[in-house]
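The next block is model.pdb, given as PDB, C-alpha atoms, pLDDT in the B column.
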ATOM      1  CA  MET A   7      68.008 -35.173  -3.072  1.00 58.00           C
ATOM      2  CA  ARG A   8      67.701 -33.569   0.325  1.00 61.00           C
ATOM      3  CA  LYS A   9      67.963 -30.064  -1.185  1.00 52.00           C
ATOM      4  CA  ILE A  10      65.195 -30.869  -3.656  1.00 55.00           C
ATOM      5  CA  ALA A  11      62.911 -32.059  -0.847  1.00 49.00           C
ATOM      6  CA  VAL A  12      63.624 -28.912   1.179  1.00 47.00           C
ATOM      7  CA  ALA A  13      62.967 -26.738  -1.893  1.00 50.00           C
ATOM      8  CA  ILE A  14      59.631 -28.475  -2.582  1.00 51.00           C
ATOM      9  CA  LEU A  15      58.539 -28.179   1.059  1.00 48.00           C
ATOM     10  CA  SER A  16      59.550 -24.509   1.096  1.00 50.00           C
ATOM     11  CA  LEU A  17      57.586 -23.841  -2.069  1.00 45.00           C
ATOM     12  CA  MET A  18      54.501 -25.588  -0.671  1.00 46.00           C
ATOM     13  CA  LEU A  19      54.794 -23.635   2.572  1.00 44.00           C
ATOM     14  CA  LEU A  20      55.176 -20.299   0.786  1.00 44.00           C
ATOM     15  CA  SER A  21      52.265 -20.924  -1.552  1.00 45.00           C
ATOM     16  CA  GLY A  22      50.018 -21.905   1.359  1.00 46.00           C
ATOM     17  CA  CYS A  23      50.965 -18.945   3.518  1.00 46.00           C
ATOM     18  CA  SER A  24      50.452 -15.993   1.212  1.00 47.00           C
ATOM     19  CA  LEU A  25      48.462 -13.466   3.222  1.00 47.00           C
ATOM     20  CA  PHE A  26      45.784 -12.347   0.776  1.00 48.00           C
ATOM     21  CA  SER A  27      45.815 -14.433  -2.409  1.00 52.00           C
ATOM     22  CA  ASP A  28      44.201 -17.525  -0.882  1.00 59.00           C
ATOM     23  CA  GLU A  29      42.016 -15.437   1.388  1.00 56.00           C
ATOM     24  CA  GLU A  30      40.580 -13.626  -1.639  1.00 59.00           C
ATOM     25  CA  LYS A  31      39.167 -16.974  -2.802  1.00 61.00           C
ATOM     26  CA  GLU A  32      37.870 -17.744   0.672  1.00 59.00           C
ATOM     27  CA  MET A  33      36.192 -14.348   0.955  1.00 59.00           C
ATOM     28  CA  LYS A  34      34.159 -14.972  -2.166  1.00 60.00           C
ATOM     29  CA  GLN A  35      32.451 -17.775  -0.242  1.00 64.00           C
ATOM     30  CA  THR A  36      31.073 -15.269   2.237  1.00 73.00           C
ATOM     31  CA  ILE A  37      29.304 -13.026  -0.285  1.00 81.00           C
ATOM     32  CA  PRO A  38      25.768 -12.897   1.100  1.00 86.00           C
ATOM     33  CA  GLU A  39      22.727 -13.864  -0.903  1.00 85.00           C
ATOM     34  CA  ILE A  40      20.114 -11.150  -0.429  1.00 88.00           C
ATOM     35  CA  THR A  41      16.550 -11.738  -1.568  1.00 87.00           C
ATOM     36  CA  LEU A  42      13.172 -10.045  -1.279  1.00 83.00           C
ATOM     37  CA  LYS A  43      10.498 -11.768   0.752  1.00 77.00           C
ATOM     38  CA  SER A  44       7.887 -11.092  -1.926  1.00 72.00           C
ATOM     39  CA  SER A  45      10.022 -12.514  -4.751  1.00 74.00           C
ATOM     40  CA  PRO A  46      12.473 -15.141  -3.469  1.00 68.00           C
ATOM     41  CA  ASN A  47      14.142 -15.644  -6.851  1.00 72.00           C
ATOM     42  CA  THR A  48      15.355 -12.031  -6.988  1.00 77.00           C
ATOM     43  CA  GLU A  49      18.977 -11.803  -5.900  1.00 78.00           C
ATOM     44  CA  ILE A  50      20.526  -8.514  -4.837  1.00 84.00           C
ATOM     45  CA  LYS A  51      24.275  -8.532  -5.408  1.00 82.00           C
ATOM     46  CA  ALA A  52      26.387  -7.198  -2.575  1.00 86.00           C
ATOM     47  CA  THR A  53      29.751  -5.614  -3.350  1.00 84.00           C
ATOM     48  CA  ARG A  54      32.609  -6.203  -0.938  1.00 82.00           C
ATOM     49  CA  SER A  55      33.995  -2.950   0.401  1.00 80.00           C
ATOM     50  CA  GLY A  56      36.783  -4.282   2.613  1.00 77.00           C
ATOM     51  CA  PHE A  57      38.019  -6.913   4.999  1.00 79.00           C
ATOM     52  CA  THR A  58      40.387  -7.521   7.882  1.00 79.00           C
ATOM     53  CA  TRP A  59      42.150 -10.820   8.489  1.00 76.00           C
ATOM     54  CA  LEU A  60      44.221 -11.404  11.621  1.00 74.00           C
ATOM     55  CA  GLY A  61      44.597  -7.669  12.029  1.00 72.00           C
ATOM     56  CA  ALA A  62      45.637  -6.870   8.437  1.00 74.00           C
ATOM     57  CA  THR A  63      43.223  -4.462   6.743  1.00 76.00           C
ATOM     58  CA  THR A  64      42.594  -3.753   3.081  1.00 74.00           C
ATOM     59  CA  LYS A  65      42.172  -0.177   1.997  1.00 67.00           C
ATOM     60  CA  ALA A  66      38.469  -0.096   1.377  1.00 72.00           C
ATOM     61  CA  TYR A  67      36.604   2.610  -0.474  1.00 74.00           C
ATOM     62  CA  LEU A  68      33.220   3.109   1.110  1.00 78.00           C
ATOM     63  CA  PRO A  69      31.351   5.571  -1.099  1.00 82.00           C
ATOM     64  CA  THR A  70      28.901   8.137   0.154  1.00 83.00           C
ATOM     65  CA  PRO A  71      25.324   7.301  -0.858  1.00 86.00           C
ATOM     66  CA  GLN A  72      25.307   9.910  -3.645  1.00 85.00           C
ATOM     67  CA  GLU A  73      28.476   8.469  -5.248  1.00 85.00           C
ATOM     68  CA  PHE A  74      27.248   4.914  -4.748  1.00 86.00           C
ATOM     69  CA  PHE A  75      23.955   5.550  -6.534  1.00 87.00           C
ATOM     70  CA  LYS A  76      25.678   7.002  -9.602  1.00 85.00           C
ATOM     71  CA  ASP A  77      27.384   3.704 -10.404  1.00 79.00           C
ATOM     72  CA  GLU A  78      25.456   0.893  -8.743  1.00 80.00           C
ATOM     73  CA  LYS A  79      22.306  -0.803  -9.957  1.00 78.00           C
ATOM     74  CA  LEU A  80      19.566  -0.633  -7.366  1.00 85.00           C
ATOM     75  CA  VAL A  81      16.859  -3.155  -6.678  1.00 86.00           C
ATOM     76  CA  ARG A  82      13.419  -1.579  -6.495  1.00 87.00           C
ATOM     77  CA  VAL A  83      11.197  -2.744  -3.642  1.00 89.00           C
ATOM     78  CA  SER A  84       7.943  -1.610  -2.082  1.00 89.00           C
ATOM     79  CA  LYS A  85       7.532  -0.307   1.453  1.00 88.00           C
ATOM     80  CA  THR A  86       5.881  -3.541   2.557  1.00 89.00           C
ATOM     81  CA  ASP A  87       8.774  -5.779   1.472  1.00 89.00           C
ATOM     82  CA  GLN A  88      11.188  -7.409   3.812  1.00 89.00           C
ATOM     83  CA  ILE A  89      14.649  -8.397   2.687  1.00 91.00           C
ATOM     84  CA  ARG A  90      16.303 -11.673   3.645  1.00 90.00           C
ATOM     85  CA  VAL A  91      20.039 -12.218   3.920  1.00 91.00           C
ATOM     86  CA  ALA A  92      21.715 -15.632   3.794  1.00 88.00           C
ATOM     87  CA  THR A  93      25.391 -15.934   4.747  1.00 87.00           C
ATOM     88  CA  GLU A  94      27.866 -18.769   5.208  1.00 83.00           C
ATOM     89  CA  ASN A  95      27.950 -19.983   8.813  1.00 84.00           C
ATOM     90  CA  LYS A  96      31.372 -21.599   8.471  1.00 83.00           C
ATOM     91  CA  VAL A  97      34.183 -20.499   6.174  1.00 80.00           C
ATOM     92  CA  ARG A  98      37.461 -22.246   5.398  1.00 76.00           C
ATOM     93  CA  MET A  99      40.438 -19.972   5.972  1.00 70.00           C
ATOM     94  CA  GLY A 100      43.805 -21.012   4.584  1.00 66.00           C
ATOM     95  CA  LEU A 101      44.793 -24.656   4.429  1.00 67.00           C
ATOM     96  CA  PHE A 102      43.786 -25.984   7.828  1.00 69.00           C
ATOM     97  CA  LYS A 103      41.380 -23.735   9.651  1.00 75.00           C
ATOM     98  CA  LYS A 104      37.607 -23.388   9.473  1.00 80.00           C
ATOM     99  CA  VAL A 105      36.074 -20.383  11.183  1.00 81.00           C
ATOM    100  CA  ASP A 106      32.522 -19.796  12.387  1.00 86.00           C
ATOM    101  CA  LEU A 107      30.306 -16.774  11.823  1.00 87.00           C
ATOM    102  CA  ASP A 108      29.807 -15.139  15.194  1.00 88.00           C
ATOM    103  CA  SER A 109      28.482 -11.653  14.428  1.00 88.00           C
ATOM    104  CA  MET A 110      26.468  -9.792  11.816  1.00 90.00           C
ATOM    105  CA  ARG A 111      25.656  -6.092  11.771  1.00 93.00           C
ATOM    106  CA  LEU A 112      23.589  -4.168   9.229  1.00 95.00           C
ATOM    107  CA  THR A 113      23.785  -0.394   9.008  1.00 95.00           C
ATOM    108  CA  LEU A 114      22.017   2.146   6.848  1.00 94.00           C
ATOM    109  CA  VAL A 115      24.282   4.879   5.430  1.00 90.00           C
ATOM    110  CA  LEU A 116      22.475   8.198   5.722  1.00 86.00           C
ATOM    111  CA  ASP A 117      22.954  11.050   3.238  1.00 82.00           C
ATOM    112  CA  SER A 118      25.023  12.829   5.886  1.00 82.00           C
ATOM    113  CA  GLY A 119      27.495   9.919   5.798  1.00 80.00           C
ATOM    114  CA  GLU A 120      26.526   8.775   9.299  1.00 87.00           C
ATOM    115  CA  PHE A 121      25.546   5.189  10.048  1.00 91.00           C
ATOM    116  CA  GLU A 122      22.276   3.998  11.576  1.00 94.00           C
ATOM    117  CA  GLN A 123      22.075   0.425  12.834  1.00 96.00           C
ATOM    118  CA  VAL A 124      19.242  -1.684  11.382  1.00 95.00           C
ATOM    119  CA  ALA A 125      17.617  -4.516  13.341  1.00 94.00           C
ATOM    120  CA  LEU A 126      18.256  -7.978  11.869  1.00 93.00           C
ATOM    121  CA  THR A 127      15.999 -10.871  12.857  1.00 91.00           C
ATOM    122  CA  GLU A 128      17.313 -14.429  12.612  1.00 89.00           C
ATOM    123  CA  ARG A 129      14.820 -16.844  11.061  1.00 89.00           C
ATOM    124  CA  ASP A 130      14.449 -20.598  11.573  1.00 88.00           C
ATOM    125  CA  ASP A 131      15.825 -21.351   8.091  1.00 85.00           C
ATOM    126  CA  GLY A 132      19.173 -19.703   8.945  1.00 82.00           C
ATOM    127  CA  ARG A 133      18.469 -16.503   7.010  1.00 87.00           C
ATOM    128  CA  TRP A 134      18.366 -13.045   8.515  1.00 92.00           C
ATOM    129  CA  GLU A 135      15.556 -10.598   7.769  1.00 93.00           C
ATOM    130  CA  PHE A 136      15.070  -6.829   7.967  1.00 94.00           C
ATOM    131  CA  SER A 137      12.289  -4.411   7.047  1.00 92.00           C
ATOM    132  CA  VAL A 138      12.877  -1.605   4.572  1.00 91.00           C
ATOM    133  CA  PRO A 139      12.249   2.057   5.473  1.00 91.00           C
ATOM    134  CA  GLN A 140       8.710   3.373   5.081  1.00 90.00           C
ATOM    135  CA  LYS A 141       9.842   6.509   3.254  1.00 91.00           C
ATOM    136  CA  SER A 142      10.356   6.282  -0.518  1.00 91.00           C
ATOM    137  CA  GLY A 143      13.883   6.882  -1.763  1.00 90.00           C
ATOM    138  CA  LYS A 144      17.298   5.325  -2.428  1.00 91.00           C
ATOM    139  CA  TYR A 145      19.113   3.633   0.446  1.00 93.00           C
ATOM    140  CA  MET A 146      22.619   2.270   0.853  1.00 92.00           C
ATOM    141  CA  TYR A 147      23.351  -0.505   3.358  1.00 94.00           C
ATOM    142  CA  VAL A 148      26.566  -1.927   4.795  1.00 92.00           C
ATOM    143  CA  LEU A 149      26.560  -5.528   6.033  1.00 93.00           C
ATOM    144  CA  ASP A 150      29.432  -6.511   8.358  1.00 90.00           C
ATOM    145  CA  GLU A 151      30.186 -10.177   9.064  1.00 89.00           C
ATOM    146  CA  GLY A 152      32.576 -11.297  11.793  1.00 88.00           C
ATOM    147  CA  TYR A 153      34.153 -14.748  11.955  1.00 85.00           C
ATOM    148  CA  GLN A 154      35.906 -16.451  14.888  1.00 79.00           C
ATOM    149  CA  ASP A 155      36.430 -13.656  17.419  1.00 71.00           C
ATOM    150  CA  GLY A 156      37.557 -11.094  14.864  1.00 70.00           C
ATOM    151  CA  ASP A 157      40.080 -13.281  13.017  1.00 76.00           C
ATOM    152  CA  TYR A 158      38.231 -12.415   9.837  1.00 82.00           C
ATOM    153  CA  GLU A 159      35.782  -9.561   9.287  1.00 85.00           C
ATOM    154  CA  VAL A 160      34.303  -8.534   5.973  1.00 86.00           C
ATOM    155  CA  SER A 161      32.005  -5.697   4.874  1.00 88.00           C
ATOM    156  CA  TYR A 162      29.618  -5.527   1.928  1.00 90.00           C
ATOM    157  CA  TYR A 163      27.429  -2.759   0.605  1.00 89.00           C
ATOM    158  CA  PHE A 164      24.288  -2.823  -1.508  1.00 92.00           C
ATOM    159  CA  GLY A 165      21.586  -0.389  -2.562  1.00 91.00           C
ATOM    160  CA  VAL A 166      17.800  -0.529  -2.423  1.00 91.00           C
ATOM    161  CA  GLU A 167      15.255   1.851  -3.910  1.00 91.00           C
ATOM    162  CA  ILE A 168      11.937   2.055  -2.066  1.00 90.00           C
ATOM    163  CA  SER A 169       8.925   2.960  -4.196  1.00 85.00           C
ATOM    164  CA  GLU A 170       5.248   3.552  -3.484  1.00 77.00           C
TER     165      GLU A 170
END
Translate the structure described by the file into structure tokens.
Amino acid sequence: MRKIAVAILSLMLLSGCSLFSDEEKEMKQTIPEITLKSSPNTEIKATRSGFTWLGATTKAYLPTPQEFFKDEKLVRVSKTDQIRVATENKVRMGLFKKVDLDSMRLTLVLDSGEFEQVALTERDDGRWEFSVPQKSGKYMYVLDEGYQDGDYEVSYYFGVEISE
């Protein structure tokens, strides 16, 4: 009887401690909802490009803008639109721990492959907002979220096409 109890406890412990399987489910909670100010029912889907959890890093493929635009569907916006981003402020990690969002960074990926930081403004409703570039064209963004002093960091990318 004692061996059975130890086996059951061991199985429960192993299933609760797998490094990435449970975290994959938790990460899906953090996928940001991105909407246009002019049409709040339009949702732009962000694609996760990578994450780190307690120092372990996935091998993320971050495409160059040209490669990204071949495969990804873009959302067309006008130069006067602003885009709003809603994220989870608290995420459950593993069995016992909840972690808080403590940093967000948005960068624009230039054609050269370099990154340019974009100003995010926090709104009263808990969403973040940024203005789109004034020049027409296709743009790729990377949104980085950090939870609980770097215990969990996740990156997403999405594309926007600016038209006249």
Check: What do you get, as number ranges by chain, if you spell out every residue that the PyMOL selection byres ((chain A and resi 87-104) around 6) selects here?
Finding: A: 36, 38-43, 84-86, 105-107, 133-137
Using the chain letters and numbering of this document, enumerate as a PDB file with C-alpha atoms, in the coordinates of the input the residues selected by the PyMOL selection byres ((chain A and resi 51) around 9).
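The result, stored in out_12.pdb:
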ATOM      1  CA  ILE A  37      29.304 -13.026  -0.285  1.00 81.00           C
ATOM      2  CA  PRO A  38      25.768 -12.897   1.100  1.00 86.00           C
ATOM      3  CA  GLU A  39      22.727 -13.864  -0.903  1.00 85.00           C
ATOM      4  CA  ILE A  40      20.114 -11.150  -0.429  1.00 88.00           C
ATOM      5  CA  GLU A  49      18.977 -11.803  -5.900  1.00 78.00           C
ATOM      6  CA  ILE A  50      20.526  -8.514  -4.837  1.00 84.00           C
ATOM      7  CA  ALA A  52      26.387  -7.198  -2.575  1.00 86.00           C
ATOM      8  CA  THR A  53      29.751  -5.614  -3.350  1.00 84.00           C
ATOM      9  CA  TYR A 163      27.429  -2.759   0.605  1.00 89.00           C
ATOM     10  CA  PHE A 164      24.288  -2.823  -1.508  1.00 92.00           C
TER      11      PHE A 164
END
Notebook entry, point to check: Between CA of Val115 (chain A) and CA of Lys79 (chain A), what is the distance, to one decimal in Å?
Noted result: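 Atom-to-atom, CA of Val115 (chain A) to CA of Lys79 (chain A), that is 16.5 Å.
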Margin query: I'd like to see the residues matched by the PyMOL selection byres ((chain A and resi 69) around 10) on this file, and ideally I'd get them as a PyMOL selection string.
Written below: chain A and resi 55+66-68+70-75+115+119+146+163
Check: With all atoms listed in the file as the atoms that count, which of A:Gly56, A:Val166, A:Tyr147, A:Asp157 lies nearest to Glu120 (chain A)?
Finding: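 Looking at the shortest contact to Glu120 (chain A), the residue is A:Tyr147.
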Note to self: Using Å and a single decimal, report how far CA of Glu167 (chain A) sits from CA of Lys141 (chain A).
What the structure shows: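 Rounded to one decimal, the two atoms are 10.1 Å apart.
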Check: Do you have the CA of Gly152 (chain A)-CA of Asp108 (chain A) distance handy?
Finding: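 Between CA of Gly152 (chain A) and CA of Asp108 (chain A) the gap is 5.8 Å.
The protein and nucleic acid residues lying at most 8 Å from Ala125 (chain A) are Leu112, Gln123, Thr127 and Phe136 of chain A, with only C-alpha atoms considered and sequence neighbours fewer than 2 positions away removed.
Using only C-alpha atoms, the residues found no farther than 10 Å from Asp150 (chain A), other than those of its own chain fewer than 5 positions away, are Arg54, Ser55, Gly56, Phe57, Ser109, Met110, Arg111, Leu112, Thr113, Glu159, Val160, Ser161, Tyr162 and Tyr163 of chain A.
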Put the listed atoms of region 58-71 of chain A in a box along x, y and z with 6 Å added on every side and give me the centre and edge lengths in Å to one decimal, as JSON.
{"center_x": 35.5, "center_y": -1.6, "center_z": 5.5, "size_x": 32.3, "size_y": 31.5, "size_z": 25.1}
Check: Out of A:Asp77, A:Thr48, A:Gly165, A:Gly156, which residue has the shortest atom-to-atom distance to Leu116 (chain A) when counting only C-alpha atoms?
Finding: A:Gly165
Where atoms are missing, can you supply N, CA, C and O atoms for region 77-95 of chain A and output the lot as a JSON list (two decimals), in the coordinates of the input?
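The result, stored in result00.json:
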[["chain", "number", "residue", "atom", "x", "y", "z"],
["A", 77, "ASP", "N", 26.77, 4.84, -9.71],
["A", 77, "ASP", "CA", 27.38, 3.70, -10.40],
["A", 77, "ASP", "C", 26.68, 2.37, -10.20],
["A", 77, "ASP", "O", 26.80, 1.47, -11.02],
["A", 78, "GLU", "N", 26.00, 2.20, -9.09],
["A", 78, "GLU", "CA", 25.46, 0.89, -8.74],
["A", 78, "GLU", "C", 24.02, 0.73, -9.20],
["A", 78, "GLU", "O", 23.24, 1.67, -9.18],
["A", 79, "LYS", "N", 23.69, -0.48, -9.60],
["A", 79, "LYS", "CA", 22.31, -0.80, -9.96],
["A", 79, "LYS", "C", 21.52, -1.07, -8.67],
["A", 79, "LYS", "O", 21.96, -1.82, -7.81],
["A", 80, "LEU", "N", 20.40, -0.46, -8.55],
["A", 80, "LEU", "CA", 19.57, -0.63, -7.37],
["A", 80, "LEU", "C", 18.48, -1.65, -7.63],
["A", 80, "LEU", "O", 18.06, -1.85, -8.76],
["A", 81, "VAL", "N", 18.01, -2.27, -6.58],
["A", 81, "VAL", "CA", 16.86, -3.16, -6.68],
["A", 81, "VAL", "C", 15.66, -2.40, -6.13],
["A", 81, "VAL", "O", 15.71, -1.87, -5.02],
["A", 82, "ARG", "N", 14.61, -2.32, -6.91],
["A", 82, "ARG", "CA", 13.42, -1.58, -6.50],
["A", 82, "ARG", "C", 12.51, -2.48, -5.67],
["A", 82, "ARG", "O", 12.21, -3.60, -6.06],
["A", 83, "VAL", "N", 12.09, -1.99, -4.52],
["A", 83, "VAL", "CA", 11.20, -2.74, -3.64],
["A", 83, "VAL", "C", 10.07, -1.83, -3.19],
["A", 83, "VAL", "O", 10.15, -0.62, -3.34],
["A", 84, "SER", "N", 9.03, -2.42, -2.63],
["A", 84, "SER", "CA", 7.94, -1.61, -2.08],
["A", 84, "SER", "C", 8.12, -1.49, -0.57],
["A", 84, "SER", "O", 8.88, -2.23, 0.03],
["A", 85, "LYS", "N", 7.40, -0.57, 0.02],
["A", 85, "LYS", "CA", 7.53, -0.31, 1.45],
["A", 85, "LYS", "C", 7.14, -1.50, 2.31],
["A", 85, "LYS", "O", 7.53, -1.58, 3.47],
["A", 86, "THR", "N", 6.34, -2.40, 1.76],
["A", 86, "THR", "CA", 5.88, -3.54, 2.56],
["A", 86, "THR", "C", 6.83, -4.74, 2.47],
["A", 86, "THR", "O", 6.63, -5.73, 3.16],
["A", 87, "ASP", "N", 7.85, -4.64, 1.62],
["A", 87, "ASP", "CA", 8.77, -5.78, 1.47],
["A", 87, "ASP", "C", 9.70, -5.90, 2.67],
["A", 87, "ASP", "O", 10.03, -4.93, 3.33],
["A", 88, "GLN", "N", 10.10, -7.14, 2.89],
["A", 88, "GLN", "CA", 11.19, -7.41, 3.81],
["A", 88, "GLN", "C", 12.29, -8.08, 3.00],
["A", 88, "GLN", "O", 12.02, -8.76, 2.02],
["A", 89, "ILE", "N", 13.52, -7.84, 3.41],
["A", 89, "ILE", "CA", 14.65, -8.40, 2.69],
["A", 89, "ILE", "C", 15.31, -9.45, 3.55],
["A", 89, "ILE", "O", 15.48, -9.27, 4.76],
["A", 90, "ARG", "N", 15.66, -10.57, 2.92],
["A", 90, "ARG", "CA", 16.30, -11.67, 3.64],
["A", 90, "ARG", "C", 17.75, -11.80, 3.21],
["A", 90, "ARG", "O", 18.07, -11.64, 2.04],
["A", 91, "VAL", "N", 18.61, -12.09, 4.17],
["A", 91, "VAL", "CA", 20.04, -12.22, 3.92],
["A", 91, "VAL", "C", 20.49, -13.60, 4.35],
["A", 91, "VAL", "O", 20.22, -14.02, 5.47],
["A", 92, "ALA", "N", 21.15, -14.32, 3.45],
["A", 92, "ALA", "CA", 21.72, -15.63, 3.79],
["A", 92, "ALA", "C", 23.23, -15.52, 3.70],
["A", 92, "ALA", "O", 23.77, -15.01, 2.72],
["A", 93, "THR", "N", 23.93, -15.98, 4.73],
["A", 93, "THR", "CA", 25.39, -15.93, 4.75],
["A", 93, "THR", "C", 25.93, -17.32, 5.08],
["A", 93, "THR", "O", 25.19, -18.19, 5.53],
["A", 94, "GLU", "N", 27.21, -17.51, 4.85],
["A", 94, "GLU", "CA", 27.87, -18.77, 5.21],
["A", 94, "GLU", "C", 28.12, -18.79, 6.71],
["A", 94, "GLU", "O", 28.65, -17.84, 7.27],
["A", 95, "ASN", "N", 27.73, -19.88, 7.37],
["A", 95, "ASN", "CA", 27.95, -19.98, 8.81],
["A", 95, "ASN", "C", 29.35, -20.47, 9.17],
["A", 95, "ASN", "O", 29.80, -20.30, 10.29]]
